[in-house]
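Below you'll find the structure, written out as structure tokens, and then a few comments.
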Amino acid sequence: MPRLIEQLLIGNGRTASLLVLWSGYLAFLLRQPVNLSELIHRQFDSGLSRYLFVSAGLLLTGALIDRGLFTPDHPRLFEELLEVNAYALLVIPAAKSIVTSVRKSQDNSIEAHE
């Protein structure tokens, strides 16, 4: 089992895993009745876009270290640390969206019973 997990999270397996996840997210967005520009505007209004921008900045910095354009004392450590923190920051807006969606559906079901 650990070998399978390793293959899904490293190298080409990671790329394939992310492709599947992002494709699922894109398919979910396309099924929503919301206009894409309205959705983007809502993200900026909610303040969650700050997490996305910081995450993108951390990933960009990690990519610069990976390409050797910026070399701190322990480049591999800093690159991985930046990537892990960037991915952790991506969880916050995703979790917030899920919680909001669940609460909205619960509110709708309560209103339907009344």
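Residues in the structure tokens are named by chain (A, B, ... in the order shown) and by number from 1 within that chain; ligands are numbered from 1 in the order shown.
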
Determine, counting only C-alpha atoms, which protein, DNA and RNA residues have an atom within 10 Å of an atom of Leu58 in chain A; residues of the same chain fewer than 6 positions away are not included. Present the result as number ranges by chain. A: 52, 64, 79, 81-87, 89

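Between CA of Arg42 in chain A and CA of Ile98 in chain A lies a distance of 14.9 Å.
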
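We find CA of Leu90 in chain A and CA of Leu59 in chain A to be spaced 11.0 Å apart.
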
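Minimum atom-to-atom distance to Arg50 in chain A, evaluated using only C-alpha atoms, belongs to A:Ile92 out of A:Glu38, A:Ile92, A:Thr15, A:Pro75.
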
Can you tell me, as a PyMOL selection string, which residues in chain A count as alpha helix (DSSP H) by DSSP? chain A and resi 2-9+12-31+36-46+49-66+75-113

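When only C-alpha atoms are used to measure the gap to Ser97 in chain A, the shortest distance among A:Pro2, A:Gly57, A:Gly47, A:Gly62 belongs to A:Gly47.
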
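Proximity of A:Ala88, A:Thr100, A:Arg3, A:Ala94 to Ala56 in chain A, computed with only C-alpha atoms, is greatest for A:Ala88.
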
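Taking CA of Gly11 in chain A as the reference point, CA of Ser55 in chain A is found at 20.2 Å.
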